[in-house]
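For reference, the structure is listed below as structure tokens.
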Amino acid sequence: MSAQLHPVARTADALVDVRNVVKTYKRDTQELTVLNGISLQVPEGEFVALMGPSGSGKTTLLNLVAGIDRPTSGQVIVAGTDVAKLSESELARWRSRSVGFIFQFYNLIPVLSAVENVELPLLLTSLGKRERRDRALTALKVVGLADRSSHYPRQLSGGQEQRVAIARAIVADPKVLVADEPTGDLDSRSAEEILALMETLNREFKKTIVMVTHDPRAADRAHTQHHLEKGVLAG
Amino acid sequence: MAVPISYNIRNVRQRWQVTLLAIVGIAMVVAVFTVIMSMSEGFRLALRATGRDDNAIIVQRGSASELTSGVPLDQRNQIIVDDRVARGADGQPLASWDWVIVISAPKVTDGQPTNVTFRAVPPRAYEVRGGIEVVEGRKYTPGLDEVIVGRRLTDRIQGMHLGGTVKYQKKEFKIVGIFTNDGGAFESEIWGDYDVIGALFQRGPGSNSLVVRMKDPQDIPALDRWIRDQPQMQLQALSERKYYADQAGPTAGALKGLASLVAIIMGIGAVFGAMNTMYAIVAARTREIGTLRALGFSRTSILLSFMMESVFLAVIAGVLGCLLAFPMNGFSTGTGQTQSFSEIAFAFQITPPILTIGMLFAVVMGVVGGLLPAWRGARMPITTALREA
């Protein structure tokens, strides 16, 4: 429903279309411009890395694409929906169907088991209990953690937690996966496994991935790299 | 769809140290509230359980209690032969005329003197008053210096046991029986023979009050009108049960007022305690809130989730508070009654309505304590919540 509320003509093949976006924050009396007229197109099935120094605005851009923040001006169109025009509740519904989140610190709910964490996004769908559980287990199987379904986050390693988080991100079959420093809290071996998994999701499951990273090795796994400097795309 | 309830329940379990503080705070308030309410209820029930609906009590108009009332003998004789008054198997009117005085007797607990009602009744009083049951010993023998005492006096007043004595002026009356009255106020009295004790009181041939059994209780207002129409009678007729229930009014009201006051003061403290805990809970889970919001859970879902958690804590606390109060159920105590100047012993009564009010009170504390923190959590921008450590 929400995805059709504000349909916008998509730029050819661009699943994510950021048009001349400005984002400013007010701190006391000062106005801080974090993004300054950014335009970016991400074609469907693309794996994009956003890089740049701290404070360059890459996470802000990712948040806008994910629909957890709104631009001050400009348009963010994802899968044909102008995200900024959705109401708060429409936006929440849109996120649950269209975006999968992968966070740096996994952000699993500690009191829920792995399968319950993965099942969370499906609670917002009309699926029955049995089907929700089946899909969550399938997602865990995809990330290689079917045998850890009843484990709680504290019983998993960092790499395993991130894989559970990835299972949660894909379980509702969203079009876009947004990843904010997905390997930032992992050792190199676990980071490698996570990046390989993301590549698989992109290649075999055709997921469009927008990833923010500081890590050049992680960025190298993406098809395209964009660099931000002081709120503008540098290349 | 709402955040799963298991999320809240497991969080309560996991953060039990923090939540225990809020639970204990609310539980204490509910316990104190329940105990005070049960005291008020016990006192009210003690007097409400006194008397019968089909009895009329005749007392002097304007008198605040039987103590300050007077029913002259000639007027008593006129009233008891009224057609509306029932008669016993022997054909005599079912009527009891009592003298009531207050004597001083030492309490069991500290030996301090307290007032006890000493009632002089005719033998017919057992039948007329109703609900009087001698549970130990026997009834007093008319014409002898014998008395029976209410069960509640036995553990509150020194010497009030079977075989003991009651002293009045220079006379000693042997206690030959212990009686009950279905928990009514008579259980806090001493009863003796009207002819023996009434003479000792030196009050003349009348009585303080007159109680008659009505053929039809609906006729009590008509009897009252008839009495008021007699120019020589300064009396009134009332339902006996209502008369004693009304006597409870000021003291029961004061106790209920005290319960409310204490509950409000403690409740405010408990609400702040609960609020503080809920703020801590929300603060500790800010990133989780951000994650849930990012996944698509609405603000309303988050608000309801934390409200539910707060109410869940409050319900646990309410149950705990009621359980803490429960040992007081049936606990006997006494209080001075302003109208009769004597002590009425009564048992704390924790009734289902009191427990329900206690639980509702707990839920209200949970809702009020949880609302602002839950609102804060729900309103927080997702990006801010996700940045929290």
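In the structure tokens, each chain is lettered A, B, ... as it comes, each chain's residues begin at 1, and ligands are numbered from 1 in order of appearance.
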**Contacts of Thr109 (chain B) at 9 Å (only C-alpha atoms; same-chain gap of 3+ positions) as a list in words** = Pro106, Gln112, Arg156, Ile157 and Gln158 of chain B
Kindly save the residues from that selection, with C-alpha atoms included, as a PDB file, in the first residue's frame.
ATOM      1  CA  PRO B 106      -7.698  -3.026  81.502  1.00  0.00           C
ATOM      2  CA  GLN B 112      -4.263   0.504  80.100  1.00  0.00           C
ATOM      3  CA  ARG B 156      -8.476  -7.933  74.360  1.00  0.00           C
ATOM      4  CA  ILE B 157      -9.584  -7.297  77.945  1.00  0.00           C
ATOM      5  CA  GLN B 158      -7.932  -8.743  81.020  1.00  0.00           C
TER       6      GLN B 158
END
Determine, for each residue of chain B having at least one atom at most 7 Å from an atom of chain A, the closest pair of atoms and their separation in Å to one decimal, counting only C-alpha atoms; order by chain and ascending number, as a Markdown table.
| residue | atom | partner | partner_atom | distance |
| --- | --- | --- | --- | --- |
| B:Met1 | CA | A:Leu124 | CA | 5.4 |
| B:Tyr7 | CA | A:Val111 | CA | 6.6 |
| B:Arg10 | CA | A:Val111 | CA | 6.0 |
| B:Asn11 | CA | A:Val111 | CA | 6.4 |
| B:Glu288 | CA | A:Ile109 | CA | 6.4 |
| B:Thr291 | CA | A:Asn107 | CA | 6.5 |
| B:Ala294 | CA | A:Ile68 | CA | 6.4 |
| B:Leu295 | CA | A:Ser96 | CA | 5.4 |
| B:Gly296 | CA | A:Ala92 | CA | 4.3 |
| B:Phe297 | CA | A:Ala92 | CA | 6.4 |
| B:Ser298 | CA | A:Ala92 | CA | 6.1 |
| B:Ile382 | CA | A:Ile68 | CA | 6.2 |
| B:Thr383 | CA | A:Ile68 | CA | 6.7 |
Give me a file of those residues, with all heavy atoms, as an mmCIF file, in the first residue's frame.
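The result, stored in selection.cif:
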data_model
loop_
_atom_site.group_PDB
_atom_site.id
_atom_site.type_symbol
_atom_site.label_atom_id
_atom_site.label_comp_id
_atom_site.auth_asym_id
_atom_site.auth_seq_id
_atom_site.Cartn_x
_atom_site.Cartn_y
_atom_site.Cartn_z
ATOM 1 N N MET B 1 1.462 -4.349 13.733
ATOM 2 C CA MET B 1 1.441 -5.401 14.764
ATOM 3 C C MET B 1 2.309 -4.975 15.949
ATOM 4 O O MET B 1 3.252 -4.227 15.813
ATOM 5 C CB MET B 1 1.961 -6.709 14.173
ATOM 6 C CG MET B 1 1.866 -7.876 15.128
ATOM 7 S SD MET B 1 1.611 -9.402 14.226
ATOM 8 C CE MET B 1 1.626 -10.565 15.553
ATOM 9 N N TYR B 7 8.959 -10.280 24.472
ATOM 10 C CA TYR B 7 10.071 -9.327 24.559
ATOM 11 C C TYR B 7 10.039 -8.610 25.908
ATOM 12 O O TYR B 7 11.065 -8.480 26.583
ATOM 13 C CB TYR B 7 9.948 -8.331 23.403
ATOM 14 C CG TYR B 7 10.843 -7.116 23.486
ATOM 15 C CD1 TYR B 7 12.217 -7.237 23.363
ATOM 16 C CD2 TYR B 7 10.303 -5.849 23.688
ATOM 17 C CE1 TYR B 7 13.036 -6.127 23.434
ATOM 18 C CE2 TYR B 7 11.112 -4.731 23.757
ATOM 19 C CZ TYR B 7 12.480 -4.871 23.624
ATOM 20 O OH TYR B 7 13.282 -3.770 23.708
ATOM 21 N N ARG B 10 10.537 -11.180 28.989
ATOM 22 C CA ARG B 10 11.937 -11.607 29.137
ATOM 23 C C ARG B 10 12.822 -10.461 29.603
ATOM 24 O O ARG B 10 13.774 -10.672 30.354
ATOM 25 C CB ARG B 10 12.454 -12.171 27.823
ATOM 26 C CG ARG B 10 11.818 -13.499 27.500
ATOM 27 C CD ARG B 10 12.375 -14.037 26.225
ATOM 28 N NE ARG B 10 11.474 -15.013 25.649
ATOM 29 C CZ ARG B 10 11.644 -15.553 24.442
ATOM 30 N NH1 ARG B 10 12.678 -15.203 23.712
ATOM 31 N NH2 ARG B 10 10.799 -16.421 23.975
ATOM 32 N N ASN B 11 12.509 -9.261 29.165
ATOM 33 C CA ASN B 11 13.281 -8.115 29.643
ATOM 34 C C ASN B 11 13.105 -7.900 31.138
ATOM 35 O O ASN B 11 14.054 -7.590 31.850
ATOM 36 C CB ASN B 11 12.867 -6.855 28.889
ATOM 37 C CG ASN B 11 13.771 -6.610 27.694
ATOM 38 O OD1 ASN B 11 14.982 -6.525 27.841
ATOM 39 N ND2 ASN B 11 13.186 -6.534 26.518
ATOM 40 N N GLU B 288 17.738 -0.655 21.233
ATOM 41 C CA GLU B 288 16.748 -1.671 20.831
ATOM 42 C C GLU B 288 15.499 -0.990 20.265
ATOM 43 O O GLU B 288 14.907 -1.466 19.291
ATOM 44 C CB GLU B 288 16.343 -2.523 22.035
ATOM 45 C CG GLU B 288 17.411 -3.502 22.477
ATOM 46 C CD GLU B 288 17.003 -4.255 23.736
ATOM 47 O OE1 GLU B 288 15.802 -4.526 23.921
ATOM 48 O OE2 GLU B 288 17.904 -4.545 24.535
ATOM 49 N N THR B 291 16.246 0.119 16.850
ATOM 50 C CA THR B 291 16.269 -1.021 15.935
ATOM 51 C C THR B 291 14.846 -1.449 15.559
ATOM 52 O O THR B 291 14.534 -1.670 14.384
ATOM 53 C CB THR B 291 17.013 -2.205 16.590
ATOM 54 O OG1 THR B 291 18.310 -1.766 16.981
ATOM 55 C CG2 THR B 291 17.137 -3.381 15.638
ATOM 56 N N ALA B 294 13.404 1.020 13.259
ATOM 57 C CA ALA B 294 13.992 0.891 11.923
ATOM 58 C C ALA B 294 13.399 -0.305 11.183
ATOM 59 O O ALA B 294 13.142 -0.245 9.987
ATOM 60 C CB ALA B 294 15.512 0.739 12.030
ATOM 61 N N LEU B 295 13.134 -1.378 11.920
ATOM 62 C CA LEU B 295 12.575 -2.577 11.284
ATOM 63 C C LEU B 295 11.133 -2.367 10.839
ATOM 64 O O LEU B 295 10.599 -3.182 10.089
ATOM 65 C CB LEU B 295 12.629 -3.765 12.255
ATOM 66 C CG LEU B 295 14.025 -4.283 12.618
ATOM 67 C CD1 LEU B 295 13.927 -5.441 13.603
ATOM 68 C CD2 LEU B 295 14.776 -4.737 11.368
ATOM 69 N N GLY B 296 10.506 -1.289 11.342
ATOM 70 C CA GLY B 296 9.155 -0.986 10.879
ATOM 71 C C GLY B 296 8.093 -0.956 11.961
ATOM 72 O O GLY B 296 6.920 -0.741 11.661
ATOM 73 N N PHE B 297 8.481 -1.197 13.217
ATOM 74 C CA PHE B 297 7.486 -1.106 14.294
ATOM 75 C C PHE B 297 7.144 0.371 14.519
ATOM 76 O O PHE B 297 8.041 1.222 14.564
ATOM 77 C CB PHE B 297 8.025 -1.736 15.581
ATOM 78 C CG PHE B 297 8.079 -3.247 15.509
ATOM 79 C CD1 PHE B 297 9.231 -3.898 15.103
ATOM 80 C CD2 PHE B 297 6.962 -4.010 15.800
ATOM 81 C CE1 PHE B 297 9.284 -5.277 15.000
ATOM 82 C CE2 PHE B 297 6.993 -5.393 15.709
ATOM 83 C CZ PHE B 297 8.164 -6.025 15.311
ATOM 84 N N SER B 298 5.866 0.636 14.659
ATOM 85 C CA SER B 298 5.424 2.024 14.750
ATOM 86 C C SER B 298 5.681 2.595 16.150
ATOM 87 O O SER B 298 5.945 1.862 17.110
ATOM 88 C CB SER B 298 3.931 2.110 14.447
ATOM 89 O OG SER B 298 3.208 1.413 15.446
ATOM 90 N N ILE B 382 14.762 7.888 15.262
ATOM 91 C CA ILE B 382 15.415 6.579 15.087
ATOM 92 C C ILE B 382 16.930 6.726 15.029
ATOM 93 O O ILE B 382 17.671 5.960 15.650
ATOM 94 C CB ILE B 382 14.909 5.888 13.805
ATOM 95 C CG1 ILE B 382 13.395 5.705 13.871
ATOM 96 C CG2 ILE B 382 15.599 4.549 13.600
ATOM 97 C CD1 ILE B 382 12.782 5.177 12.576
ATOM 98 N N THR B 383 17.370 7.749 14.301
ATOM 99 C CA THR B 383 18.817 7.916 14.139
ATOM 100 C C THR B 383 19.489 8.207 15.487
ATOM 101 O O THR B 383 20.595 7.748 15.750
ATOM 102 C CB THR B 383 19.121 9.062 13.155
ATOM 103 O OG1 THR B 383 18.359 10.211 13.539
ATOM 104 C CG2 THR B 383 18.750 8.673 11.738
#
**Message:** So that I can see what lies close to region 268-278 of chain B, please list as number ranges by chain the residues with an atom at most 10 Å from it, counting only C-alpha atoms and leaving out residues fewer than 5 positions away in the same chain.
**Reply:** B: 18-30, 262-263, 283-284, 306-307, 309-310, 313-314, 362, 364-374
Selection above as a file: N, CA and C atoms, as a JSON list (two decimals), in the first residue's frame:
[["chain", "number", "residue", "atom", "x", "y", "z"],
["B", 18, "VAL", "N", 16.72, -4.21, 38.63],
["B", 18, "VAL", "CA", 16.15, -2.87, 38.45],
["B", 18, "VAL", "C", 14.63, -2.91, 38.66],
["B", 19, "THR", "N", 14.02, -3.91, 38.05],
["B", 19, "THR", "CA", 12.56, -3.96, 38.12],
["B", 19, "THR", "C", 12.08, -4.31, 39.53],
["B", 20, "LEU", "N", 12.91, -5.05, 40.25],
["B", 20, "LEU", "CA", 12.53, -5.43, 41.63],
["B", 20, "LEU", "C", 12.28, -4.19, 42.48],
["B", 21, "LEU", "N", 13.11, -3.16, 42.26],
["B", 21, "LEU", "CA", 12.95, -1.92, 43.04],
["B", 21, "LEU", "C", 11.56, -1.32, 42.83],
["B", 22, "ALA", "N", 11.18, -1.25, 41.57],
["B", 22, "ALA", "CA", 9.86, -0.67, 41.26],
["B", 22, "ALA", "C", 8.76, -1.56, 41.82],
["B", 23, "ILE", "N", 8.95, -2.86, 41.67],
["B", 23, "ILE", "CA", 7.92, -3.81, 42.14],
["B", 23, "ILE", "C", 7.74, -3.68, 43.65],
["B", 24, "VAL", "N", 8.86, -3.64, 44.37],
["B", 24, "VAL", "CA", 8.78, -3.55, 45.84],
["B", 24, "VAL", "C", 8.10, -2.24, 46.25],
["B", 25, "GLY", "N", 8.46, -1.15, 45.56],
["B", 25, "GLY", "CA", 7.86, 0.16, 45.89],
["B", 25, "GLY", "C", 6.35, 0.13, 45.74],
["B", 26, "ILE", "N", 5.89, -0.36, 44.59],
["B", 26, "ILE", "CA", 4.45, -0.39, 44.35],
["B", 26, "ILE", "C", 3.78, -1.41, 45.27],
["B", 27, "ALA", "N", 4.45, -2.54, 45.49],
["B", 27, "ALA", "CA", 3.86, -3.58, 46.35],
["B", 27, "ALA", "C", 3.64, -3.06, 47.77],
["B", 28, "MET", "N", 4.59, -2.28, 48.27],
["B", 28, "MET", "CA", 4.46, -1.75, 49.64],
["B", 28, "MET", "C", 3.24, -0.82, 49.72],
["B", 29, "VAL", "N", 3.09, 0.01, 48.70],
["B", 29, "VAL", "CA", 1.95, 0.93, 48.69],
["B", 29, "VAL", "C", 0.63, 0.15, 48.66],
["B", 30, "VAL", "N", 0.58, -0.85, 47.80],
["B", 30, "VAL", "CA", -0.64, -1.66, 47.70],
["B", 30, "VAL", "C", -0.90, -2.37, 49.03],
["B", 262, "VAL", "N", -3.10, 8.15, 52.96],
["B", 262, "VAL", "CA", -1.82, 7.42, 52.98],
["B", 262, "VAL", "C", -1.53, 6.87, 51.59],
["B", 263, "ALA", "N", -2.60, 6.33, 50.94],
["B", 263, "ALA", "CA", -2.42, 5.74, 49.61],
["B", 263, "ALA", "C", -1.97, 6.80, 48.61],
["B", 283, "ALA", "N", 16.08, 3.92, 28.91],
["B", 283, "ALA", "CA", 17.43, 4.39, 28.58],
["B", 283, "ALA", "C", 18.34, 3.22, 28.23],
["B", 284, "ALA", "N", 18.20, 2.14, 29.00],
["B", 284, "ALA", "CA", 19.07, 0.98, 28.75],
["B", 284, "ALA", "C", 18.73, 0.29, 27.43],
["B", 306, "PHE", "N", 6.06, -0.59, 25.95],
["B", 306, "PHE", "CA", 6.65, -0.17, 27.23],
["B", 306, "PHE", "C", 5.57, 0.09, 28.28],
["B", 307, "MET", "N", 4.42, 0.56, 27.83],
["B", 307, "MET", "CA", 3.31, 0.73, 28.78],
["B", 307, "MET", "C", 2.91, -0.63, 29.34],
["B", 309, "GLU", "N", 4.73, -3.22, 29.57],
["B", 309, "GLU", "CA", 5.77, -3.71, 30.48],
["B", 309, "GLU", "C", 5.60, -3.08, 31.87],
["B", 310, "SER", "N", 5.31, -1.79, 31.86],
["B", 310, "SER", "CA", 5.12, -1.08, 33.12],
["B", 310, "SER", "C", 3.90, -1.63, 33.87],
["B", 313, "LEU", "N", 4.68, -5.03, 35.32],
["B", 313, "LEU", "CA", 5.40, -4.89, 36.60],
["B", 313, "LEU", "C", 4.43, -4.54, 37.71],
["B", 314, "ALA", "N", 3.52, -3.62, 37.39],
["B", 314, "ALA", "CA", 2.58, -3.15, 38.40],
["B", 314, "ALA", "C", 1.64, -4.27, 38.85],
["B", 362, "ALA", "N", -2.63, -0.42, 41.74],
["B", 362, "ALA", "CA", -1.30, -0.80, 41.24],
["B", 362, "ALA", "C", -1.21, -0.54, 39.74],
["B", 364, "VAL", "N", -2.92, 1.58, 37.98],
["B", 364, "VAL", "CA", -2.88, 3.04, 37.75],
["B", 364, "VAL", "C", -1.45, 3.55, 37.97],
["B", 365, "MET", "N", -0.81, 3.07, 39.04],
["B", 365, "MET", "CA", 0.58, 3.49, 39.30],
["B", 365, "MET", "C", 1.48, 3.05, 38.14],
["B", 366, "GLY", "N", 1.24, 1.85, 37.62],
["B", 366, "GLY", "CA", 2.03, 1.36, 36.49],
["B", 366, "GLY", "C", 1.83, 2.20, 35.25],
["B", 367, "VAL", "N", 0.57, 2.55, 34.98],
["B", 367, "VAL", "CA", 0.26, 3.35, 33.78],
["B", 367, "VAL", "C", 0.88, 4.74, 33.90],
["B", 368, "VAL", "N", 0.65, 5.38, 35.06],
["B", 368, "VAL", "CA", 1.17, 6.75, 35.25],
["B", 368, "VAL", "C", 2.70, 6.72, 35.24],
["B", 369, "GLY", "N", 3.27, 5.72, 35.93],
["B", 369, "GLY", "CA", 4.74, 5.64, 36.00],
["B", 369, "GLY", "C", 5.38, 5.29, 34.67],
["B", 370, "GLY", "N", 4.65, 4.58, 33.82],
["B", 370, "GLY", "CA", 5.24, 4.13, 32.56],
["B", 370, "GLY", "C", 5.00, 5.05, 31.40],
["B", 371, "LEU", "N", 3.98, 5.91, 31.53],
["B", 371, "LEU", "CA", 3.54, 6.71, 30.38],
["B", 371, "LEU", "C", 4.64, 7.63, 29.83],
["B", 372, "LEU", "N", 5.21, 8.45, 30.70],
["B", 372, "LEU", "CA", 6.20, 9.42, 30.21],
["B", 372, "LEU", "C", 7.46, 8.74, 29.65],
["B", 373, "PRO", "N", 8.02, 7.74, 30.38],
["B", 373, "PRO", "CA", 9.19, 7.07, 29.81],
["B", 373, "PRO", "C", 8.86, 6.38, 28.48],
["B", 374, "ALA", "N", 7.69, 5.74, 28.40],
["B", 374, "ALA", "CA", 7.31, 5.06, 27.16],
["B", 374, "ALA", "C", 7.14, 6.07, 26.03]]
**Item:** DSSP-assigned alpha helix (DSSP H) members of region 1-234 of chain A, reported as a ChimeraX atom specification
**Value:** /A:58-66,88-98,114-119,129-142,158-170,188-204,216-220
**Prompt:** Ile166 (chain A): which residues within 8 Å, counting only C-alpha atoms, same-chain residues fewer than 3 positions away excluded, as a VMD selection string?
**Reply:** chain A and resid 101 to 102 143 162 to 163 169 to 170
Export N, CA and C atoms of the chosen residues as a PDB file, in the first residue's frame?
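Saved result, selection.pdb, follows:
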ATOM      1  N   PHE A 101      18.070  -3.995   7.156  1.00  0.00           N
ATOM      2  CA  PHE A 101      19.145  -3.258   7.840  1.00  0.00           C
ATOM      3  C   PHE A 101      20.239  -4.197   8.346  1.00  0.00           C
ATOM      4  N   ILE A 102      21.481  -3.786   8.100  1.00  0.00           N
ATOM      5  CA  ILE A 102      22.623  -4.482   8.704  1.00  0.00           C
ATOM      6  C   ILE A 102      23.437  -3.422   9.433  1.00  0.00           C
ATOM      7  N   VAL A 143      22.140 -18.081   5.813  1.00  0.00           N
ATOM      8  CA  VAL A 143      23.373 -17.498   6.375  1.00  0.00           C
ATOM      9  C   VAL A 143      24.198 -18.552   7.111  1.00  0.00           C
ATOM     10  N   GLN A 162      26.333 -11.180  13.482  1.00  0.00           N
ATOM     11  CA  GLN A 162      26.111 -10.387  12.277  1.00  0.00           C
ATOM     12  C   GLN A 162      25.388 -11.216  11.213  1.00  0.00           C
ATOM     13  N   ARG A 163      25.655 -12.508  11.213  1.00  0.00           N
ATOM     14  CA  ARG A 163      24.958 -13.342  10.232  1.00  0.00           C
ATOM     15  C   ARG A 163      23.467 -13.453  10.585  1.00  0.00           C
ATOM     16  N   ALA A 169      17.714  -9.187   8.073  1.00  0.00           N
ATOM     17  CA  ALA A 169      17.594  -8.163   7.026  1.00  0.00           C
ATOM     18  C   ALA A 169      16.952  -8.719   5.756  1.00  0.00           C
ATOM     19  N   ILE A 170      17.149 -10.011   5.500  1.00  0.00           N
ATOM     20  CA  ILE A 170      16.646 -10.557   4.221  1.00  0.00           C
ATOM     21  C   ILE A 170      15.319 -11.311   4.373  1.00  0.00           C
TER      22      ILE A 170
END
Which residues are close to region 187-203 of chain B, i.e. within 6 Å by only C-alpha atoms, leaving aside same-chain residues fewer than 4 positions away? Reply as a compact mmCIF listing (two decimals) with C-alpha atoms, in the first residue's frame.
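File written: out09.txt
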# COMPACT_ATOMS: atom_id res chain seq x y z
CA THR B 117 -20.11 -1.58 76.91
CA PHE B 118 -22.06 -3.34 79.67
CA ARG B 119 -25.60 -4.12 78.53
CA ALA B 120 -28.47 -5.15 80.79
CA VAL B 121 -30.93 -7.22 78.77
CA PRO B 122 -34.03 -9.29 79.49
CA PRO B 142 -31.93 -14.50 85.40
CA GLY B 143 -31.84 -13.13 88.93
CA VAL B 147 -22.86 -12.29 82.86
CA ILE B 148 -21.81 -13.51 79.46
CA VAL B 149 -19.10 -11.73 77.45
CA GLY B 150 -18.55 -11.29 73.73
CA ARG B 151 -15.83 -13.42 72.18
CA ARG B 152 -13.78 -10.43 70.98
CA LEU B 153 -13.35 -9.23 74.55
CA THR B 180 -20.65 -14.64 69.39
CA ASN B 181 -22.81 -12.42 67.19
CA ILE B 344 -15.47 -1.88 69.44
CA ALA B 345 -13.30 -4.84 68.63
**Spatial neighbours of Lys58 (chain A), 8 Å, only C-alpha atoms, chain gap at least 3 places, as a list in words** = Leu50, Met51, Gly52, Gly55, Leu61, Leu62, Val212, Leu228 and Gly231 of chain A
**Item:** Shell of 10 Å around Lys23 (chain A), only C-alpha atoms, local chain residues under 6 positions omitted, as a PyMOL selection string
**Value:** chain A and resi 32-38+57+60-61+64+69-74+231
Which of region 2-202 of chain A fall in strand (DSSP E), as a short mmCIF file (atom, residue, chain, number, x, y, z; two decimals) with C-alpha atoms, in the first residue's frame:
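out-v4.cif, written as the output of this step:
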data_model
loop_
_atom_site.label_atom_id
_atom_site.label_comp_id
_atom_site.auth_asym_id
_atom_site.auth_seq_id
_atom_site.Cartn_x
_atom_site.Cartn_y
_atom_site.Cartn_z
CA ALA A 14 17.87 3.17 -10.72
CA LEU A 15 16.33 1.40 -7.74
CA VAL A 16 17.68 4.11 -5.47
CA ASP A 17 17.50 7.61 -6.83
CA VAL A 18 18.83 10.43 -4.67
CA ARG A 19 18.08 13.79 -6.25
CA ASN A 20 19.83 16.95 -5.16
CA VAL A 21 19.47 16.13 -1.46
CA VAL A 22 20.36 18.62 1.24
CA LYS A 23 20.36 17.66 4.88
CA THR A 24 20.94 20.18 7.61
CA TYR A 25 20.83 19.84 11.37
CA LYS A 26 20.24 22.58 13.87
CA ARG A 27 22.50 22.67 16.88
CA GLN A 30 23.86 26.99 14.39
CA GLU A 31 22.77 25.20 11.26
CA LEU A 32 25.02 22.39 10.15
CA THR A 33 24.86 21.19 6.55
CA VAL A 34 25.72 17.49 6.47
CA LEU A 35 24.70 16.74 2.89
CA ASN A 36 24.92 19.47 0.34
CA GLY A 37 23.05 18.81 -2.89
CA ILE A 38 23.90 15.16 -3.36
CA SER A 39 22.58 13.18 -6.30
CA LEU A 40 23.18 9.47 -6.62
CA GLN A 41 21.62 6.65 -8.60
CA VAL A 42 21.95 3.01 -7.61
CA PRO A 43 20.72 0.56 -10.24
CA PHE A 47 26.40 -3.41 -4.67
CA VAL A 48 27.50 0.10 -3.76
CA ALA A 49 30.01 1.20 -1.16
CA LEU A 50 29.88 4.69 0.36
CA MET A 51 33.23 5.77 1.72
CA SER A 73 15.30 19.33 0.59
CA GLY A 74 15.56 17.18 -2.49
CA GLN A 75 14.10 13.75 -3.17
CA VAL A 76 15.00 10.22 -2.11
CA ILE A 77 13.20 7.75 -4.33
CA VAL A 78 13.54 4.09 -3.56
CA THR A 81 8.51 5.69 -3.79
CA ASP A 82 9.37 9.20 -2.71
CA VAL A 99 14.57 -2.22 3.39
CA GLY A 100 16.77 -4.68 5.24
CA PHE A 101 19.15 -3.26 7.84
CA ILE A 102 22.62 -4.48 8.70
CA VAL A 176 17.36 -2.97 -0.74
CA LEU A 177 19.83 -3.90 1.96
CA VAL A 178 21.51 -1.01 3.77
CA ALA A 179 24.64 -1.85 5.75
CA ASP A 180 26.37 0.57 8.08
#
